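Raw contents of start.tsv, TSV, C-alpha atoms:
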```
chain	number	residue	atom	x	y	z
A	1054	MET	CA	-8.32	-0.35	-11.19
A	1055	PRO	CA	-7.69	3.27	-12.16
A	1056	ALA	CA	-4.14	4.27	-13.10
A	1057	THR	CA	-3.87	6.63	-10.14
A	1058	THR	CA	-4.24	3.78	-7.66
A	1059	MET	CA	-1.10	2.34	-6.15
A	1060	GLN	CA	-0.60	-1.37	-5.69
A	1061	SER	CA	-3.21	-2.81	-3.41
A	1062	THR	CA	-2.12	-4.85	-0.46
A	1063	ALA	CA	-3.98	-7.25	1.75
A	1064	VAL	CA	-2.39	-7.73	5.14
A	1065	GLN	CA	-1.71	-11.40	5.83
A	1066	THR	CA	-0.52	-11.14	9.39
A	1067	VAL	CA	-0.68	-8.87	12.44
A	1068	LYS	CA	1.57	-9.01	15.48
A	1069	VAL	CA	0.20	-9.29	19.02
A	1070	ARG	CA	2.29	-6.18	19.73
A	1071	GLN	CA	0.24	-4.19	17.18
A	1072	LEU	CA	-2.97	-5.24	18.91
A	1073	LEU	CA	-1.58	-4.05	22.24
A	1074	ASP	CA	-0.34	-0.75	20.76
A	1075	ALA	CA	-3.69	-0.02	19.15
A	1076	MET	CA	-6.22	-1.29	21.66
A	1077	SER	CA	-4.58	-1.28	25.12
A	1078	ALA	CA	-5.94	2.11	26.08
A	1079	GLU	CA	-9.47	1.44	24.89
A	1080	MET	CA	-9.82	-2.14	26.09
A	1081	HIS	CA	-7.46	-1.93	29.10
A	1082	LEU	CA	-5.41	-4.85	27.84
A	1083	ARG	CA	-2.63	-6.01	30.14
A	1084	VAL	CA	-0.05	-8.70	29.43
A	1085	VAL	CA	0.22	-10.88	32.54
A	1086	ALA	CA	2.39	-13.73	31.21
A	1087	GLY	CA	4.38	-14.82	28.17
A	1088	HIS	CA	5.78	-11.33	27.52
A	1089	ALA	CA	8.53	-12.80	25.34
A	1090	GLY	CA	5.94	-13.92	22.77
A	1091	ILE	CA	4.64	-10.44	22.11
A	1092	ASP	CA	5.83	-10.54	18.49
A	1093	ARG	CA	3.80	-13.65	17.71
A	1094	GLN	CA	1.78	-13.42	14.51
A	1095	ILE	CA	-1.99	-13.46	14.30
A	1096	THR	CA	-2.84	-14.86	10.86
A	1097	ALA	CA	-6.63	-15.05	11.05
A	1098	ALA	CA	-9.10	-12.19	11.28
A	1099	GLU	CA	-11.41	-13.99	13.70
A	1100	VAL	CA	-11.21	-14.89	17.35
A	1101	ASN	CA	-11.91	-18.30	18.86
A	1102	ARG	CA	-13.28	-19.55	22.16
A	1103	PRO	CA	-11.39	-22.78	22.80
A	1104	GLY	CA	-14.02	-24.48	24.97
A	1105	LEU	CA	-14.17	-27.70	22.96
A	1106	ALA	CA	-10.40	-27.87	22.60
A	1107	LEU	CA	-9.98	-27.56	26.37
A	1108	ALA	CA	-12.40	-30.47	26.69
A	1109	GLY	CA	-10.21	-32.55	24.39
A	1110	TRP	CA	-11.74	-32.12	20.93
A	1111	TYR	CA	-8.91	-30.76	18.76
A	1112	ASN	CA	-10.28	-31.48	15.28
A	1113	TYR	CA	-10.74	-28.27	13.29
A	1114	PHE	CA	-9.30	-26.30	16.21
A	1115	ALA	CA	-8.76	-22.71	14.95
A	1116	LYS	CA	-5.19	-22.46	16.21
A	1117	HIS	CA	-4.28	-19.38	14.14
A	1118	ARG	CA	-6.82	-17.24	15.96
A	1119	LEU	CA	-6.66	-15.33	19.21
A	1120	GLN	CA	-8.05	-17.59	21.94
A	1121	VAL	CA	-10.57	-15.87	24.19
A	1122	LEU	CA	-11.05	-17.35	27.65
A	1123	GLY	CA	-14.37	-16.19	29.06
A	1124	LYS	CA	-16.55	-17.31	31.93
A	1125	VAL	CA	-17.20	-20.77	30.47
A	1126	GLU	CA	-13.55	-21.58	29.78
A	1127	ILE	CA	-12.22	-20.19	33.06
A	1128	TYR	CA	-14.80	-22.04	35.19
A	1129	TYR	CA	-14.22	-25.23	33.22
A	1130	LEU	CA	-10.48	-24.95	33.85
A	1131	ARG	CA	-11.04	-24.25	37.54
A	1132	ARG	CA	-13.10	-27.40	37.85
A	1133	LEU	CA	-10.30	-29.58	36.46
A	1134	ARG	CA	-7.56	-31.17	38.59
A	1135	ALA	CA	-4.21	-29.36	38.40
A	1136	ASP	CA	-2.58	-32.11	36.32
A	1137	GLU	CA	-5.54	-32.15	33.90
A	1138	ARG	CA	-5.33	-28.38	33.52
A	1139	LYS	CA	-1.64	-28.67	32.76
A	1140	THR	CA	-2.17	-31.36	30.13
A	1141	CYS	CA	-4.91	-29.62	28.18
A	1142	LEU	CA	-3.26	-26.19	28.31
A	1143	ARG	CA	0.08	-27.67	27.24
A	1144	THR	CA	-1.62	-29.23	24.20
A	1145	LEU	CA	-2.97	-25.82	23.17
A	1146	MET	CA	0.40	-24.12	23.73
A	1147	LYS	CA	2.11	-26.65	21.47
A	1148	MET	CA	-0.22	-25.64	18.63
A	1149	ARG	CA	1.52	-22.25	18.48
A	1150	ILE	CA	-1.57	-20.17	19.08
A	1151	PRO	CA	-0.93	-16.41	18.93
A	1152	ALA	CA	-2.19	-15.37	22.38
A	1153	PHE	CA	-4.81	-15.88	25.07
A	1154	ILE	CA	-7.23	-13.14	26.01
A	1155	VAL	CA	-8.77	-13.50	29.46
A	1156	THR	CA	-11.96	-11.47	29.87
A	1157	ARG	CA	-13.81	-10.08	32.92
A	1158	ASN	CA	-10.45	-9.64	34.67
A	1159	TYR	CA	-10.54	-13.31	35.75
A	1160	VAL	CA	-7.39	-14.43	37.49
A	1161	PRO	CA	-5.78	-16.90	35.07
A	1162	PRO	CA	-5.03	-20.36	36.52
A	1163	GLN	CA	-1.47	-20.69	37.81
A	1164	GLU	CA	-0.78	-23.44	35.23
A	1165	LEU	CA	-1.73	-21.06	32.41
A	1166	ILE	CA	0.75	-18.45	33.69
A	1167	GLU	CA	3.56	-20.99	34.06
A	1168	LEU	CA	3.01	-22.65	30.68
A	1169	SER	CA	2.65	-19.29	28.90
A	1170	ASN	CA	5.96	-18.16	30.29
A	1171	ALA	CA	7.55	-21.45	29.24
A	1172	PHE	CA	6.06	-21.45	25.71
A	1173	ASN	CA	6.18	-17.67	25.24
A	1174	VAL	CA	2.46	-17.33	24.50
A	1175	PRO	CA	1.18	-13.97	25.76
A	1176	VAL	CA	-1.73	-14.02	28.19
A	1177	ILE	CA	-3.64	-10.74	28.00
A	1178	ARG	CA	-6.13	-9.75	30.67
A	1179	CYS	CA	-8.92	-7.26	30.21
A	1180	PRO	CA	-11.96	-6.16	32.25
A	1181	GLY	CA	-14.60	-6.27	29.49
A	1182	VAL	CA	-17.36	-8.87	29.32
A	1183	THR	CA	-16.62	-11.62	26.81
A	1184	MET	CA	-19.18	-10.65	24.17
A	1185	ARG	CA	-17.93	-7.05	24.03
A	1186	VAL	CA	-14.30	-8.15	23.94
A	1187	VAL	CA	-15.00	-10.58	21.12
A	1188	ASN	CA	-16.86	-7.88	19.16
A	1189	LYS	CA	-14.15	-5.27	19.62
A	1190	LEU	CA	-11.36	-7.69	18.71
A	1191	SER	CA	-13.26	-8.90	15.65
A	1192	VAL	CA	-13.88	-5.39	14.37
A	1193	TRP	CA	-10.24	-4.40	14.91
A	1194	LEU	CA	-8.91	-7.58	13.30
A	1195	GLU	CA	-11.24	-7.26	10.34
A	1196	ASP	CA	-9.98	-3.72	9.78
A	1197	GLN	CA	-6.37	-4.89	9.91
A	1198	PHE	CA	-6.95	-7.69	7.43
A	1199	ALA	CA	-9.15	-5.65	5.08
A	1200	PRO	CA	-7.81	-5.03	1.57
A	1201	SER	CA	-6.31	-1.57	1.34
A	1202	CYS	CA	-4.40	0.63	-1.07
A	1203	GLN	CA	-3.03	4.08	-1.37
A	1204	MET	CA	-4.23	6.40	-4.07
A	1205	HIS	CA	-3.65	9.81	-5.52
A	1206	ALA	CA	-6.93	11.71	-5.19
A	1207	THR	CA	-8.85	14.09	-2.92
A	1208	LEU	CA	-11.49	13.11	-0.39
A	1209	MET	CA	-14.14	15.57	0.83
A	1210	GLU	CA	-17.26	15.42	2.93
A	1211	VAL	CA	-19.92	17.51	1.20
A	1212	TYR	CA	-23.24	17.86	3.08
A	1213	GLY	CA	-22.33	14.68	4.94
A	1214	VAL	CA	-21.72	12.77	1.70
A	1215	GLY	CA	-18.24	11.25	1.12
A	1216	VAL	CA	-16.98	12.38	-2.28
A	1217	LEU	CA	-13.75	11.00	-3.73
A	1218	ILE	CA	-12.41	13.39	-6.36
A	1219	MET	CA	-10.21	11.70	-8.95
A	1220	GLY	CA	-8.49	12.96	-12.07
A	1221	LYS	CA	-5.10	13.38	-13.66
A	1222	ALA	CA	-2.42	15.54	-12.04
A	1223	GLY	CA	-3.03	19.21	-12.79
A	1224	VAL	CA	-6.74	18.89	-13.57
A	1225	GLY	CA	-7.58	20.95	-10.47
A	1226	LYS	CA	-8.50	18.49	-7.69
A	1227	SER	CA	-6.77	20.48	-4.95
A	1228	GLU	CA	-8.15	23.83	-6.11
A	1229	CYS	CA	-11.60	22.31	-6.21
A	1230	ALA	CA	-11.16	20.95	-2.68
A	1231	LEU	CA	-10.09	24.37	-1.50
A	1232	SER	CA	-13.16	26.05	-2.89
A	1233	LEU	CA	-15.36	23.38	-1.31
A	1234	VAL	CA	-13.69	24.04	2.06
A	1235	GLU	CA	-14.27	27.73	1.52
A	1236	ARG	CA	-17.99	26.95	1.14
A	1237	GLY	CA	-17.98	25.19	4.51
A	1238	HIS	CA	-17.36	21.58	3.48
A	1239	ILE	CA	-14.85	19.26	5.09
A	1240	LEU	CA	-11.47	18.08	3.84
A	1241	VAL	CA	-10.45	14.52	4.68
A	1242	ALA	CA	-7.29	14.21	2.60
A	1243	ASP	CA	-5.65	15.69	-0.42
A	1244	ASP	CA	-3.16	13.96	-2.69
A	1245	VAL	CA	-2.42	10.83	-0.67
A	1246	ILE	CA	-5.38	8.80	0.52
A	1247	LYS	CA	-5.42	5.43	2.16
A	1248	LEU	CA	-8.41	3.36	1.10
A	1249	ARG	CA	-9.68	0.43	3.07
A	1250	VAL	CA	-12.72	-1.81	2.75
A	1251	CYS	CA	-14.68	-1.85	5.99
A	1252	GLU	CA	-17.22	-4.54	6.85
A	1253	GLY	CA	-16.59	-6.05	3.44
A	1254	CYS	CA	-18.57	-3.44	1.52
A	1255	LEU	CA	-17.87	0.11	2.75
A	1256	LEU	CA	-14.95	1.87	1.14
A	1257	THR	CA	-13.36	4.21	3.66
A	1258	GLY	CA	-10.68	6.81	2.96
A	1259	TYR	CA	-8.16	7.95	5.56
A	1260	ALA	CA	-5.88	10.96	5.75
A	1261	ASN	CA	-2.22	10.19	6.17
A	1262	PRO	CA	-1.16	11.21	9.69
A	1263	ARG	CA	2.24	12.40	8.44
A	1264	ILE	CA	0.63	14.82	5.99
A	1265	GLY	CA	-2.40	15.75	8.05
A	1266	HIS	CA	-4.42	18.43	6.33
A	1267	HIS	CA	-1.62	20.10	4.45
A	1268	MET	CA	-2.23	20.76	0.79
A	1269	GLU	CA	-0.03	21.80	-2.06
A	1270	ILE	CA	-1.57	24.47	-4.28
A	1271	ARG	CA	0.40	25.23	-7.42
A	1272	GLY	CA	1.58	28.82	-7.41
A	1273	ILE	CA	1.03	29.28	-3.65
A	1274	GLY	CA	2.82	26.32	-2.15
A	1275	ILE	CA	1.99	24.36	0.97
A	1276	ILE	CA	-0.99	25.44	3.08
A	1277	ASN	CA	-2.56	23.98	6.21
A	1278	VAL	CA	-6.33	23.79	5.88
A	1279	GLN	CA	-6.85	23.25	9.60
A	1280	SER	CA	-5.03	26.43	10.57
A	1281	LEU	CA	-6.57	28.47	7.75
A	1282	TYR	CA	-10.19	27.34	8.10
A	1283	GLY	CA	-10.37	25.90	11.60
A	1284	VAL	CA	-10.89	22.45	13.01
A	1285	LYS	CA	-14.48	22.32	11.73
A	1286	SER	CA	-13.14	22.00	8.16
A	1287	VAL	CA	-11.20	18.79	8.61
A	1288	ARG	CA	-11.68	15.17	9.57
A	1289	MET	CA	-9.40	12.12	9.49
A	1290	TYR	CA	-11.57	9.56	7.68
A	1291	LYS	CA	-14.85	9.19	5.83
A	1292	HIS	CA	-16.65	6.42	4.03
A	1293	ILE	CA	-16.97	7.13	0.33
A	1294	ASP	CA	-20.43	7.43	-1.19
A	1295	PHE	CA	-19.49	8.28	-4.74
A	1296	VAL	CA	-16.64	9.25	-7.02
A	1297	VAL	CA	-16.28	12.41	-9.06
A	1298	THR	CA	-13.84	12.09	-11.94
A	1299	LEU	CA	-12.61	15.42	-13.25
A	1300	GLU	CA	-11.38	15.42	-16.83
A	1301	LEU	CA	-10.48	18.12	-19.29
A	1302	TRP	CA	-13.41	18.98	-21.56
A	1303	GLN	CA	-12.92	17.23	-24.87
A	1304	GLU	CA	-14.81	18.33	-27.93
A	1305	GLY	CA	-16.71	15.48	-29.52
A	1306	VAL	CA	-17.03	13.45	-26.32
A	1307	SER	CA	-20.62	13.08	-25.16
A	1308	TYR	CA	-21.15	13.53	-21.45
A	1309	ASP	CA	-24.06	12.25	-19.36
A	1310	ARG	CA	-27.01	14.59	-19.92
A	1311	LEU	CA	-29.70	12.82	-17.91
A	1312	GLY	CA	-28.21	10.96	-14.95
A	1313	ILE	CA	-30.80	8.20	-15.31
A	1314	ASP	CA	-28.31	5.38	-15.75
A	1315	PRO	CA	-25.38	6.00	-13.43
A	1316	GLN	CA	-21.84	4.97	-14.32
A	1317	TYR	CA	-19.90	2.89	-11.85
A	1318	ILE	CA	-16.26	2.46	-10.94
A	1319	GLU	CA	-14.82	-0.44	-8.97
A	1320	MET	CA	-12.17	0.00	-6.29
A	1321	LEU	CA	-10.92	-2.83	-4.06
A	1322	GLY	CA	-13.94	-4.82	-5.15
A	1323	VAL	CA	-16.43	-2.13	-4.09
A	1324	ARG	CA	-18.68	-0.64	-6.78
A	1325	LEU	CA	-19.30	3.10	-6.48
A	1326	PRO	CA	-21.28	5.55	-8.64
A	1327	ASN	CA	-18.90	7.62	-10.76
A	1328	VAL	CA	-19.87	11.10	-11.91
A	1329	VAL	CA	-17.62	12.32	-14.72
A	1330	ILE	CA	-17.42	16.11	-14.70
A	1331	PRO	CA	-15.73	17.79	-17.65
A	1332	VAL	CA	-13.58	20.73	-16.60
A	1333	LYS	CA	-13.53	23.89	-18.68
A	1334	PRO	CA	-12.69	27.49	-17.75
A	1335	GLY	CA	-15.79	29.19	-16.37
A	1336	ARG	CA	-17.37	26.02	-14.99
A	1337	ASP	CA	-17.78	26.23	-11.23
A	1338	ILE	CA	-16.61	22.74	-10.30
A	1339	ALA	CA	-17.22	23.16	-6.56
A	1340	LEU	CA	-20.85	24.09	-7.24
A	1341	LEU	CA	-21.21	21.07	-9.55
A	1342	ILE	CA	-19.82	18.76	-6.87
A	1343	GLU	CA	-22.16	20.26	-4.27
A	1344	THR	CA	-25.07	19.62	-6.62
A	1345	ALA	CA	-23.93	16.07	-7.32
A	1346	ALA	CA	-23.64	15.43	-3.57
A	1347	GLN	CA	-27.16	16.73	-2.90
A	1348	ASN	CA	-28.47	14.66	-5.79
A	1349	ALA	CA	-26.75	11.58	-4.36
A	1350	LYS	CA	-28.36	12.31	-1.00
A	1351	LEU	CA	-31.78	12.56	-2.65
A	1352	LYS	CA	-31.17	9.25	-4.43
A	1353	SER	CA	-30.21	7.58	-1.16
A	1354	LEU	CA	-33.53	8.78	0.27
A	1355	GLY	CA	-35.29	7.15	-2.66
A	1356	PHE	CA	-35.78	10.14	-4.94
A	1357	ASN	CA	-34.34	9.74	-8.39
A	1358	VAL	CA	-35.01	13.14	-9.89
A	1359	ALA	CA	-34.13	12.21	-13.46
A	1360	ARG	CA	-36.35	9.14	-13.36
A	1361	SER	CA	-39.35	10.82	-11.75
A	1362	PHE	CA	-39.07	13.71	-14.18
A	1363	ASN	CA	-39.19	11.20	-17.01
A	1364	GLU	CA	-42.21	9.50	-15.46
A	1365	GLN	CA	-43.93	12.86	-15.27
A	1366	LEU	CA	-43.09	13.42	-18.92
A	1367	LEU	CA	-44.50	10.03	-19.87
A	1368	ALA	CA	-47.67	10.73	-17.87
A	1369	ASN	CA	-48.11	13.96	-19.77
A	1370	MET	CA	-47.96	11.94	-22.97
A	1371	ASN	CA	-50.70	9.68	-21.59
A	1372	TYR	CA	-48.41	6.68	-21.62
A	1373	PRO	CA	-48.28	4.45	-18.56
A	1374	ALA	CA	-45.04	5.14	-16.68
A	1375	LYS	CA	-42.67	2.21	-16.59
B	1498	MET	CA	-3.24	-5.56	-19.96
B	1499	ASN	CA	-0.72	-2.81	-19.43
B	1500	GLN	CA	1.74	-2.84	-22.33
B	1501	GLU	CA	3.90	-0.01	-21.00
B	1502	SER	CA	7.41	-0.85	-19.90
B	1503	THR	CA	8.31	-0.73	-16.23
B	1504	THR	CA	11.79	0.17	-14.99
B	1505	GLU	CA	12.80	-0.15	-11.37
B	1506	ARG	CA	15.76	1.17	-9.44
B	1507	VAL	CA	16.82	1.50	-5.81
B	1508	ILE	CA	18.41	4.84	-4.92
B	1509	THR	CA	19.92	5.65	-1.52
B	1510	VAL	CA	19.41	9.07	0.06
B	1511	THR	CA	22.87	10.57	0.65
B	1512	ASN	CA	22.26	14.22	1.54
B	1513	ARG	CA	22.56	15.14	5.22
B	1514	LEU	CA	19.02	16.40	5.84
B	1515	GLY	CA	17.22	13.72	3.83
B	1516	VAL	CA	14.32	14.30	1.45
B	1517	HIS	CA	12.70	17.32	3.12
B	1518	ALA	CA	10.56	19.97	1.44
B	1519	ARG	CA	13.09	21.43	-1.01
B	1520	PRO	CA	14.48	18.11	-2.30
B	1521	SER	CA	10.91	16.82	-2.62
B	1522	ALA	CA	10.02	19.79	-4.82
B	1523	MET	CA	13.14	19.23	-6.96
B	1524	LEU	CA	12.34	15.53	-7.32
B	1525	VAL	CA	8.73	16.17	-8.29
B	1526	GLN	CA	9.65	18.91	-10.73
B	1527	LEU	CA	12.17	16.62	-12.41
B	1528	ALA	CA	9.68	13.75	-12.57
B	1529	ASN	CA	7.06	15.99	-14.16
B	1530	GLN	CA	9.40	16.73	-17.08
B	1531	PHE	CA	8.95	13.12	-18.20
B	1532	SER	CA	5.85	11.45	-19.53
B	1533	SER	CA	6.34	8.20	-17.58
B	1534	ASP	CA	4.49	7.67	-14.32
B	1535	LEU	CA	6.77	7.45	-11.33
B	1536	PHE	CA	6.11	5.67	-8.05
B	1537	VAL	CA	8.33	5.42	-5.01
B	1538	ALA	CA	8.30	3.41	-1.79
B	1539	ARG	CA	10.48	2.82	1.21
B	1540	ASP	CA	11.47	-0.79	1.58
B	1541	GLY	CA	8.41	-2.89	2.36
B	1542	GLU	CA	6.04	0.05	2.53
B	1543	GLU	CA	3.31	1.17	0.20
B	1544	GLU	CA	4.05	3.09	-2.96
B	1545	VAL	CA	3.24	6.76	-3.41
B	1546	ASN	CA	3.00	8.82	-6.56
B	1547	ALA	CA	6.42	10.44	-6.97
B	1548	LYS	CA	4.93	13.22	-9.08
B	1549	SER	CA	3.12	14.54	-6.01
B	1550	ILE	CA	5.03	16.67	-3.50
B	1551	MET	CA	2.86	15.52	-0.61
B	1552	GLY	CA	3.41	11.90	-1.57
B	1553	VAL	CA	7.19	12.28	-1.62
B	1554	MET	CA	7.31	14.25	1.63
B	1555	MET	CA	5.17	11.63	3.30
B	1556	LEU	CA	8.02	9.15	2.91
B	1557	ALA	CA	10.08	11.16	5.43
B	1558	ALA	CA	13.19	9.60	3.87
B	1559	ALA	CA	16.22	10.37	6.03
B	1560	LYS	CA	19.87	10.03	4.99
B	1561	GLY	CA	20.69	6.39	4.30
B	1562	THR	CA	17.11	5.40	3.36
B	1563	GLU	CA	16.82	3.17	0.32
B	1564	LEU	CA	14.06	4.34	-2.00
B	1565	HIS	CA	12.52	1.94	-4.48
B	1566	PHE	CA	11.54	3.82	-7.63
B	1567	ARG	CA	9.29	2.35	-10.30
B	1568	ALA	CA	8.83	4.19	-13.58
B	1569	VAL	CA	6.09	3.16	-16.00
B	1570	GLY	CA	6.33	4.48	-19.56
B	1571	ALA	CA	8.56	4.90	-22.57
B	1572	ASP	CA	11.02	7.38	-21.03
B	1573	GLY	CA	11.19	5.57	-17.69
B	1574	ALA	CA	14.87	4.64	-17.90
B	1575	ALA	CA	15.88	8.21	-18.78
B	1576	LEU	CA	13.81	9.47	-15.86
B	1577	LEU	CA	15.53	7.11	-13.44
B	1578	ASP	CA	18.98	8.14	-14.81
B	1579	ALA	CA	18.13	11.79	-14.19
B	1580	LEU	CA	16.86	10.96	-10.71
B	1581	GLU	CA	20.07	9.14	-9.84
B	1582	ILE	CA	22.09	12.19	-10.87
B	1583	LEU	CA	19.83	14.41	-8.73
B	1584	PHE	CA	20.34	12.21	-5.66
B	1585	GLN	CA	24.11	12.00	-6.32
B	1586	SER	CA	24.26	15.78	-6.40
B	1587	ASN	CA	22.79	15.75	-2.88
B	1588	PHE	CA	20.18	18.19	-4.18
B	1589	SER	CA	22.98	20.83	-4.31
B	1590	GLU	CA	22.84	21.01	-0.52
B	1591	ASP	CA	25.91	19.45	1.10
```
For this file, produce the structure as structure tokens.
Amino acid sequence: MPATTMQSTAVQTVKVRQLLDAMSAEMHLRVVAGHAGIDRQITAAEVNRPGLALAGWYNYFAKHRLQVLGKVEIYYLRRLRADERKTCLRTLMKMRIPAFIVTRNYVPPQELIELSNAFNVPVIRCPGVTMRVVNKLSVWLEDQFAPSCQMHATLMEVYGVGVLIMGKAGVGKSECALSLVERGHILVADDVIKLRVCEGCLLTGYANPRIGHHMEIRGIGIINVQSLYGVKSVRMYKHIDFVVTLELWQEGVSYDRLGIDPQYIEMLGVRLPNVVIPVKPGRDIALLIETAAQNAKLKSLGFNVARSFNEQLLANMNYPAK
Amino acid sequence: MNQESTTERVITVTNRLGVHARPSAMLVQLANQFSSDLFVARDGEEEVNAKSIMGVMMLAAAKGTELHFRAVGADGAALLDALEILFQSNFSED
């Protein structure tokens, strides 16, 4: 982990309230019972459909998960006698599940409403079809439980490529970002970046909403990139394709001259190509980063320029290319 | 393994306006006079680099906020002493 990275944290628990705050508008979530349990903790990143548990099979029941009641569950419950409904729902309530989600705007059985109010387990209704609801909840939960950290760096989108610019304080990250913006590229965040692993393998960087797109430039002070360059020059998040590490040019250190064997850096368990660019007066760092981004784009399309150039060289020597 | 020494201290914000732009700049300028790395967090929140103005301002630390400082390096204790004096002086504001 590079020295500029703050302590990484993995969220262990999310409150039902946070789910409602974040997703109510998008998913039209509505609490219809058990309001007092709104601060219950969700401690698993998956959702569960409790069909088998309702039918009486409680072994391996995923009680820490959100319980989604879809068509199958609701119609099964409706088919039961009132006292049977009460018994099986009471058993679930006693397991301290975080909340019920009722899909397709089904009207929850009266026993579910009464027991939820008694046990303080929120019942949340939403209009979506079960599959969509499960997908949306899973994606949101996975994001919440993903490992994340805060780091001191600059994140840019250059020709659509996410470039994380790292380097010691004072090496010129912000100035470099500014000249990239001036060339029409997009600033995600300067100085404070929140990193999160999405879908287990994509590293995504987020701007801090409190800072927005303000930057501090030594000698000038605080500027607002959005008001100076317009809304086209900013965005709030971007997945990171590669890292550029700026370091002061040191005599005697040998830098990569070919780019055939890329260096890598690991952050939050994700391995990213790392291009080390030595900084020296007169070197146009923004241009170098633009070039590196275009090269990365070529590589992602399957063209490795350094390698194919070498193959061409070998062919000219009448050796079979490796 | 990191061999450098870590010093931690909790400092309460006492000036009336809290850590706004000018105090942030003073804090960062002071921190940059020392070689130790300095991190700061509000209670239970994530740490930020206290040598970055944007990082410090992001805390939005109002009067009464307890700030958890963590200095890593040889002159960490001296840095934290100087910080405590800066906070006690209320950033020459009140």
Would you give me, as a PDB file with C-alpha atoms, in the frame of the given file, the residues of chain A that come within 8 Å of chain B, using all atoms listed in the file?
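What follows is the written file part03.pdb:
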```pdb
ATOM      1  CA  MET A1059      -1.100   2.340  -6.150  1.00  0.00           C
ATOM      2  CA  GLN A1060      -0.600  -1.370  -5.690  1.00  0.00           C
ATOM      3  CA  CYS A1202      -4.400   0.630  -1.070  1.00  0.00           C
ATOM      4  CA  GLN A1203      -3.030   4.080  -1.370  1.00  0.00           C
ATOM      5  CA  MET A1204      -4.230   6.400  -4.070  1.00  0.00           C
ATOM      6  CA  HIS A1205      -3.650   9.810  -5.520  1.00  0.00           C
ATOM      7  CA  ASP A1244      -3.160  13.960  -2.690  1.00  0.00           C
ATOM      8  CA  VAL A1245      -2.420  10.830  -0.670  1.00  0.00           C
ATOM      9  CA  ARG A1263       2.240  12.400   8.440  1.00  0.00           C
ATOM     10  CA  ILE A1264       0.630  14.820   5.990  1.00  0.00           C
ATOM     11  CA  MET A1268      -2.230  20.760   0.790  1.00  0.00           C
ATOM     12  CA  GLU A1269      -0.030  21.800  -2.060  1.00  0.00           C
TER      13      GLU A1269
END
```
*In Å, rounded to a single decimal, give me how far CA of Glu1195 in chain A is from CA of Ile1246 in chain A.*
19.7 Å
_Interatomic distance, CA of Pro1162 in chain A to CA of Arg1131 in chain A (Å, one decimal)_ = 7.2 Å
_Selection near Ile1338 in chain A, 12 Å with all atoms listed in the file, sequence-local residues under 6 positions removed, as number ranges by chain_ = A: 1218, 1224-1233, 1297-1301, 1329-1332, 1344-1345
Taking all atoms of range 1204-1215 of chain A that the file lists and extending 4 Å past them on each side, where is the centre of the axis-aligned box and how long are its edges? Answer in Å to one decimal, as lines of an AutoDock Vina configuration file.
```
center_x = -13.4
center_y = 12.1
center_z = -0.3
size_x = 27.6
size_y = 19.5
size_z = 18.5
```
At a cut-off of 8 Å, using all atoms listed in the file, what residues contact range 1083-1089 of chain A? Leave out same-chain residues fewer than 3 positions from it and give the result as a PDB file with C-alpha atoms, keeping the file's coordinate frame.
```pdb
ATOM      1  CA  SER A1077      -4.580  -1.280  25.120  1.00  0.00           C
ATOM      2  CA  ASP A1092       5.830 -10.540  18.490  1.00  0.00           C
ATOM      3  CA  ILE A1166       0.750 -18.450  33.690  1.00  0.00           C
ATOM      4  CA  GLU A1167       3.560 -20.990  34.060  1.00  0.00           C
ATOM      5  CA  SER A1169       2.650 -19.290  28.900  1.00  0.00           C
ATOM      6  CA  ASN A1170       5.960 -18.160  30.290  1.00  0.00           C
ATOM      7  CA  ALA A1171       7.550 -21.450  29.240  1.00  0.00           C
ATOM      8  CA  PHE A1172       6.060 -21.450  25.710  1.00  0.00           C
ATOM      9  CA  ASN A1173       6.180 -17.670  25.240  1.00  0.00           C
ATOM     10  CA  VAL A1174       2.460 -17.330  24.500  1.00  0.00           C
ATOM     11  CA  PRO A1175       1.180 -13.970  25.760  1.00  0.00           C
ATOM     12  CA  VAL A1176      -1.730 -14.020  28.190  1.00  0.00           C
ATOM     13  CA  ILE A1177      -3.640 -10.740  28.000  1.00  0.00           C
ATOM     14  CA  ARG A1178      -6.130  -9.750  30.670  1.00  0.00           C
ATOM     15  CA  CYS A1179      -8.920  -7.260  30.210  1.00  0.00           C
TER      16      CYS A1179
END
```
*Between B:Glu1563, B:Thr1503, B:Gly1570, B:Ser1533, which is the closest to Phe1584 in chain B once you count all atoms listed in the file?*
B:Glu1563
*Need the neighbours of (23.5, 15.4, 2.4): which residues are at most 10 Å away, counting only C-alpha atoms, as JSON, numbers by chain?*
{"B": [1510, 1511, 1512, 1513, 1514, 1515, 1516, 1559, 1560, 1561, 1584, 1585, 1586, 1587, 1588, 1589, 1590, 1591]}
*Go through A:Tyr1282, A:Phe1114, A:Phe1153, A:Trp1302 one by one, measure the shortest atom-to-atom distance of each to Arg1336 in chain A using only C-alpha atoms, and give the residue with the smallest value.*
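Nearest candidate to Arg1336 in chain A out of A:Tyr1282, A:Phe1114, A:Phe1153, A:Trp1302: A:Trp1302.
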*Of the candidates B:Leu1564, B:Ala1522, B:Leu1535, B:Ile1508, which one gets nearest to Leu1576 in chain B if we count all atoms listed in the file?*
B:Leu1535
_Report as a count of residues only all protein, DNA and RNA residues lying within 10 Å of Lys1285 in chain A, evaluated on all atoms listed in the file, omitting residues in the same chain fewer than 2 positions from it._
10
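CA of Gly1258 in chain A sits 25.4 Å away from CA of Gly1312 in chain A.
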*For Val1241 in chain A: contacts at 9 Å, only C-alpha atoms, fewer than 4 positions along chain excluded, given as an NGL selection string*: :A and (1207-1210 or 1246 or 1258-1260 or 1265-1266 or 1286-1291)
